[in-house]
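Peer 1: Pasting a structure below so you can have a look.
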Amino acid sequence: MTAPVIHIERLHKNYETAAGSVPVLKGIDLSINAGEFVAIMGPSGSGKSTFMNILGCLDEPTTGRYLLNGSDVRSLNGDALARLRNQVIGFVFQGFNLLPRADLASNVALPLLYCNEKKHARLMRAHAMLDRVGLGQHASAHPNEISGGQQQRVAIARALINHPKLILADEPTGNLDTKTGDEIMSLFKQLNQEDGITIVLVTHEPDIALYAHRLVKFVDGLITYDGAVMAAHT
Amino acid sequence: MNIQMLVEAWLAMGANKLRTFLTMLGMMIGVGAVVLMLAIGQGAQYVVDQSIASMGSNLFIILSGSTTSGGMRMGSGASPSLTVADADALAELPDIAAVAPASPDSAQVVYGASNWSTRIYGTTSAYLEVRDWHLSAGTPFTDSDVRAATRVALLGQTVVDNLFGDENPVNKTIRIKQSPYLVVGVLAAKGQSLDGRDQDDTILVPITTAQRKLFGNQFQGAVRFIMAQARSADVMDAAERSMNELLRQRHHIPPGGDDDFSIRNLTALANTAADATRAMSAMLGAIASISLLVGGIGIMNIMLVSVTERTREIGIRIAIGARQKDILLQFLLEAIIISIAGCTVGVVLGIAGAIIINQMADTAVVITGSSVIMAFMVASAVGIFFGFYPARKAARLKPIDALRYQ
């Protein structure tokens with residue numbers, strides 16, 4: 001058994017509002033090993049998006065322990081967290097979140113800008129990654145010139161550019177039609193099986209969750225199910 | 001720093017060209033105004049400095065006192081209390097380097113078919129030394145010319161231009177009040193005095209000639225004023241005191257009696273004028289700096305809008321690994337590029353404006369490298385200063401808030 005990529009103990013998250021402290025996550029324990037493909041499901045407001053943000057070091061827990069890749073994120077400063085996001089984690093968002101002004105190659109190369117890669121090498125790697133997701137011939141197009149599915153492929157290429165251990169995908173197929181969604185999921189499956197990248201994916205759609213090996217269900221800030229994916233459970 | 005960062009900043013600015021231009025415009029006007037005002041201020045200062053340099057250094061002028069006639073006071077110089085003998089006595093004082101008595105009067109001067117009215121100074125050869133005045137042609141008149149009251153003259157450049165044109169005046173004969181005078185030399189051009197008079201519109205003749213032959217003199221040996229030069233700037237006060245003492249003694253003024261002469265420290269007056277010009281020049285610069293400040297606030301304003309508009313972009317960048325300092329640098333670079341580009345155009349506009357003013361209004365302007373460099377550095381500093389707050393605001397955004405921003 002390899003060491004867990006993600007190890008979480010008694011994690012709580014409260015949001016401070018004018019009306020007082022609102023608990024969103026109420027004690028989460030979860031361990032995800034390298035090479036796993038985990039789907040997270042749950043109704044709106046169950047805390048799964050907040051959980052993903054904490055996993056991605058975009059938000060911090062109120063209490064509890066979170067070890068990412070063996071290091072406690074609480075002990076890391078802002079630069080170290082930025083480094084984790086840059087080197088260890090790849091994000092894929094529902095809304096793609098590409099930079100509209102930059103062409104596809106520049107979008108894919110963007111994370112390399114923050115790890116001092118030379119310009120030539122950046123573009124070489126970006127083109128190679130675009131080829132990998134089947135968009136090599138569109139390198140100089142802009143995001144508004146391609147379809148939603150293609151945009152999500154570009155976002156995945158951007159997430160992959162620094163060879164992350166972990167991909168965090170927040171409803172990556174939420175804005176796509178079923179066919180395109182299936183294509184994107186096949187790509188994730190391939191990344192998980194061939195490259196051994198750990199994938200954690202939030203989704204509403206049972207069909208999408210079936211691509212994963214493990215299902216985690218959130219209800220009202222707590223995990224209510226953690227086990228194998230079966231059609232019955234989704 | 002990374003070249004790509006510059007490219008990114010450039011692209012961001014290109015995305016909203018009109019807004020970028022308007023932001024730059026504030027900077028352009030600010031820097032243009034500073035460069036222009038400094039050019040005008042330094043031009044004025046240059047004119048004053050030239051006048052001061054042309055006056056001679058460590059200079060006193062001693063005027064004869066006033067008279068009272070039937071209850072009417074006649075003003076300085078009305079009483080012929082100063083004499084050539086006073087001047088000779090003053091020259092013996094240890095702190096005094098040179099002394100020249102002078103009796104000016106106006107007369108019509110004729111050469112061939114040309115004539116010209118000018119101010120004629122009867123003086124001694126020491127006058128050239130006291131005023132630090134050189135000859136552009138010929139030789140000065142000598143002490144023996146003064147003793148013998150010979151009819152010789154030194155012409156100022158303006159007089160030469162009006163009487164002789166391009167002709168060489170040396171050894172020509174001019175007529176002053178019908179009498180012939182031999183031109184022995186031409187005074188080098190000095191330009192305007194501090195009060196705006198043309199110092200070159202003048203003729204110097206030996207004082208004896210002026211008193212005995214040209215204008216006559218009611219009181220033998222009386223002069224209108226005496227110019228004296230101290231040995232150095234340090235002894236100006238001591239020289240003034242000793243001259244005062246000597247003249248009171250020579251004029252038999254009892255203790256407590258009023259002086260029948262007045263001593264003025266011209267150098268001190270000139271320095272006051274120079275200080276005033278310097279103050280004016282600084283004030284012009286300060287007023288222009290306000291527009292630079294306003295330009296800087298314009299940059300801050302636009303950068304704040306830009307940060308708000310691009311909150312989501314900032315969130316994306318943070319999510320894929322940008323550090324706070326990367327975001328800070330990105331927005332700071334934009335502010336710096338805007339201010340430096342605006343500044344460059346502003347310097348060009350300022351210089352062009354100065355040249356236009358110089359041509360149209362005939363006002364002296366002086367553009368120094370240091371004033372351009374200073375305007376440039378101040379503008380860059382303003383850009384960095386006013387760009388810093390919005391950039392820091394961007395860098396301190398919480399990633400989760402930035403990503404959620406619609």
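Chain labels A, B, ... are given in the sequence in which chains occur in the structure tokens; within each chain residues are numbered consecutively from 1, and ligands are likewise numbered from 1 in the order shown.
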Do me a favour and pick out the residues of chain B within 12 Å of chain A, using only C-alpha atoms, as number ranges by chain.
Peer 2: B: 1-16, 310-327, 329-330, 395-406
Peer 1: Could you write out the selected residues, including N, CA and C atoms, as a short mmCIF file (atom, residue, chain, number, x, y, z; two decimals), in the first residue's frame?
Peer 2:
data_model
loop_
_atom_site.label_atom_id
_atom_site.label_comp_id
_atom_site.auth_asym_id
_atom_site.auth_seq_id
_atom_site.Cartn_x
_atom_site.Cartn_y
_atom_site.Cartn_z
N MET B 1 12.96 38.70 -12.89
CA MET B 1 11.71 39.05 -13.57
C MET B 1 11.65 38.32 -14.91
N ASN B 2 10.45 38.20 -15.37
CA ASN B 2 10.20 37.37 -16.54
C ASN B 2 9.68 38.22 -17.70
N ILE B 3 10.23 37.99 -18.89
CA ILE B 3 9.78 38.74 -20.06
C ILE B 3 8.28 38.51 -20.29
N GLN B 4 7.86 37.26 -20.01
CA GLN B 4 6.46 36.92 -20.25
C GLN B 4 5.53 37.81 -19.42
N MET B 5 6.01 38.21 -18.23
CA MET B 5 5.23 39.10 -17.36
C MET B 5 4.96 40.42 -18.08
N LEU B 6 6.02 40.92 -18.75
CA LEU B 6 5.88 42.18 -19.50
C LEU B 6 4.87 42.01 -20.62
N VAL B 7 4.98 40.87 -21.31
CA VAL B 7 4.06 40.61 -22.42
C VAL B 7 2.63 40.57 -21.90
N GLU B 8 2.44 39.91 -20.75
CA GLU B 8 1.10 39.81 -20.16
C GLU B 8 0.55 41.19 -19.83
N ALA B 9 1.43 42.02 -19.24
CA ALA B 9 1.01 43.37 -18.87
C ALA B 9 0.61 44.14 -20.12
N TRP B 10 1.42 43.95 -21.18
CA TRP B 10 1.17 44.65 -22.43
C TRP B 10 -0.18 44.24 -23.02
N LEU B 11 -0.45 42.91 -23.00
CA LEU B 11 -1.72 42.40 -23.53
C LEU B 11 -2.89 42.96 -22.75
N ALA B 12 -2.74 43.00 -21.42
CA ALA B 12 -3.83 43.49 -20.58
C ALA B 12 -4.13 44.94 -20.91
N MET B 13 -3.07 45.71 -21.17
CA MET B 13 -3.27 47.12 -21.49
C MET B 13 -3.89 47.28 -22.88
N GLY B 14 -3.47 46.39 -23.79
CA GLY B 14 -3.99 46.45 -25.15
C GLY B 14 -5.46 46.08 -25.20
N ALA B 15 -5.93 45.33 -24.19
CA ALA B 15 -7.32 44.88 -24.19
C ALA B 15 -8.28 46.05 -24.01
N ASN B 16 -7.80 47.14 -23.45
CA ASN B 16 -8.67 48.30 -23.28
C ASN B 16 -7.89 49.56 -23.63
N ARG B 310 -10.77 42.12 -13.13
CA ARG B 310 -10.00 40.91 -13.43
C ARG B 310 -9.85 40.02 -12.22
N THR B 311 -10.77 40.19 -11.26
CA THR B 311 -10.72 39.37 -10.05
C THR B 311 -10.68 37.88 -10.38
N ARG B 312 -11.53 37.48 -11.33
CA ARG B 312 -11.60 36.08 -11.68
C ARG B 312 -10.29 35.59 -12.29
N GLU B 313 -9.74 36.43 -13.15
CA GLU B 313 -8.45 36.07 -13.75
C GLU B 313 -7.39 35.88 -12.66
N ILE B 314 -7.43 36.76 -11.67
CA ILE B 314 -6.47 36.65 -10.57
C ILE B 314 -6.68 35.33 -9.83
N GLY B 315 -7.98 34.97 -9.64
CA GLY B 315 -8.31 33.71 -8.98
C GLY B 315 -7.74 32.52 -9.75
N ILE B 316 -7.89 32.54 -11.07
CA ILE B 316 -7.38 31.45 -11.90
C ILE B 316 -5.87 31.35 -11.75
N ARG B 317 -5.22 32.50 -11.80
CA ARG B 317 -3.76 32.49 -11.70
C ARG B 317 -3.30 31.94 -10.36
N ILE B 318 -4.02 32.33 -9.29
CA ILE B 318 -3.64 31.83 -7.98
C ILE B 318 -3.86 30.31 -7.93
N ALA B 319 -4.99 29.84 -8.52
CA ALA B 319 -5.31 28.41 -8.47
C ALA B 319 -4.25 27.57 -9.18
N ILE B 320 -3.61 28.13 -10.21
CA ILE B 320 -2.62 27.31 -10.92
C ILE B 320 -1.21 27.60 -10.44
N GLY B 321 -1.08 28.31 -9.32
CA GLY B 321 0.25 28.36 -8.70
C GLY B 321 0.93 29.71 -8.66
N ALA B 322 0.21 30.82 -9.00
CA ALA B 322 0.84 32.13 -8.89
C ALA B 322 1.01 32.48 -7.42
N ARG B 323 2.19 32.97 -7.05
CA ARG B 323 2.41 33.43 -5.68
C ARG B 323 1.91 34.87 -5.57
N GLN B 324 1.76 35.34 -4.34
CA GLN B 324 1.33 36.73 -4.12
C GLN B 324 2.23 37.70 -4.87
N LYS B 325 3.53 37.42 -4.81
CA LYS B 325 4.44 38.38 -5.44
C LYS B 325 4.32 38.35 -6.96
N ASP B 326 3.91 37.21 -7.53
CA ASP B 326 3.70 37.17 -8.99
C ASP B 326 2.55 38.09 -9.39
N ILE B 327 1.45 38.02 -8.62
CA ILE B 327 0.29 38.86 -8.91
C ILE B 327 0.64 40.33 -8.69
N LEU B 329 3.56 41.72 -8.87
CA LEU B 329 4.46 42.18 -9.92
C LEU B 329 3.69 42.45 -11.21
N GLN B 330 2.74 41.57 -11.52
CA GLN B 330 1.97 41.72 -12.75
C GLN B 330 1.27 43.08 -12.80
N ALA B 395 -3.00 41.11 -5.09
CA ALA B 395 -2.19 39.99 -4.60
C ALA B 395 -2.79 39.39 -3.32
N ARG B 396 -3.52 40.21 -2.56
CA ARG B 396 -4.05 39.72 -1.28
C ARG B 396 -5.45 39.15 -1.39
N LEU B 397 -5.98 39.12 -2.61
CA LEU B 397 -7.30 38.51 -2.78
C LEU B 397 -7.25 37.07 -2.29
N LYS B 398 -8.33 36.65 -1.65
CA LYS B 398 -8.40 35.24 -1.27
C LYS B 398 -8.76 34.44 -2.51
N PRO B 399 -8.02 33.39 -2.79
CA PRO B 399 -8.23 32.65 -4.04
C PRO B 399 -9.69 32.21 -4.20
N ILE B 400 -10.28 31.78 -3.09
CA ILE B 400 -11.62 31.23 -3.20
C ILE B 400 -12.63 32.33 -3.55
N ASP B 401 -12.42 33.52 -2.97
CA ASP B 401 -13.31 34.65 -3.29
C ASP B 401 -13.11 35.10 -4.73
N ALA B 402 -11.84 35.11 -5.13
CA ALA B 402 -11.52 35.57 -6.48
C ALA B 402 -12.11 34.65 -7.54
N LEU B 403 -12.05 33.33 -7.26
CA LEU B 403 -12.56 32.37 -8.24
C LEU B 403 -14.08 32.42 -8.33
N ARG B 404 -14.73 32.74 -7.22
CA ARG B 404 -16.18 32.74 -7.20
C ARG B 404 -16.75 34.02 -7.82
N TYR B 405 -15.87 35.05 -7.94
CA TYR B 405 -16.33 36.35 -8.41
C TYR B 405 -16.89 36.26 -9.83
N GLN B 406 -18.07 36.81 -10.02
CA GLN B 406 -18.68 36.75 -11.35
C GLN B 406 -18.45 38.04 -12.11
#
Peer 1: Pick out the residues sitting within 10 Å of Arg250 (chain B), and hand them over as JSON, numbers by chain; count only C-alpha atoms, and ignore anything fewer than 2 positions along from it in its own chain.
Peer 2: {"B": [82, 85, 86, 89, 244, 245, 246, 247, 248, 252, 253]}
Peer 1: CA of Gly122 (chain B) and CA of Asp143 (chain B) are how many Å apart?
Peer 2: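 CA of Asp143 (chain B) lies at a distance of 13.0 Å from CA of Gly122 (chain B).
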Peer 1: Please run DSSP on the backbone and report, as an MDAnalysis selection string, all residues within region 41-133 of chain B that come out as helix (DSSP H, G or I).
Peer 2: chainID B and resid 41:55 84:91 126:130
Peer 1: CA of Met27 (chain B) to CA of Ala276 (chain B): how many Å, to one decimal?
Peer 2: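 Between CA of Met27 (chain B) and CA of Ala276 (chain B) the gap is 29.4 Å.
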Peer 1: Mind giving me the straight-line distance from CA of Leu67 (chain A) to CA of Ile28 (chain A) in Å, one decimal?
Peer 2: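 If I compute the distance from CA of Leu67 (chain A) to CA of Ile28 (chain A), I get 13.1 Å.
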Peer 1: Using only C-alpha atoms, can you tell me which of B:Gln211, B:Asn265, B:Ser339, B:Asn168 comes closest to Ile384 (chain B)?
Peer 2: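 The closest residue to Ile384 (chain B) is B:Ser339.
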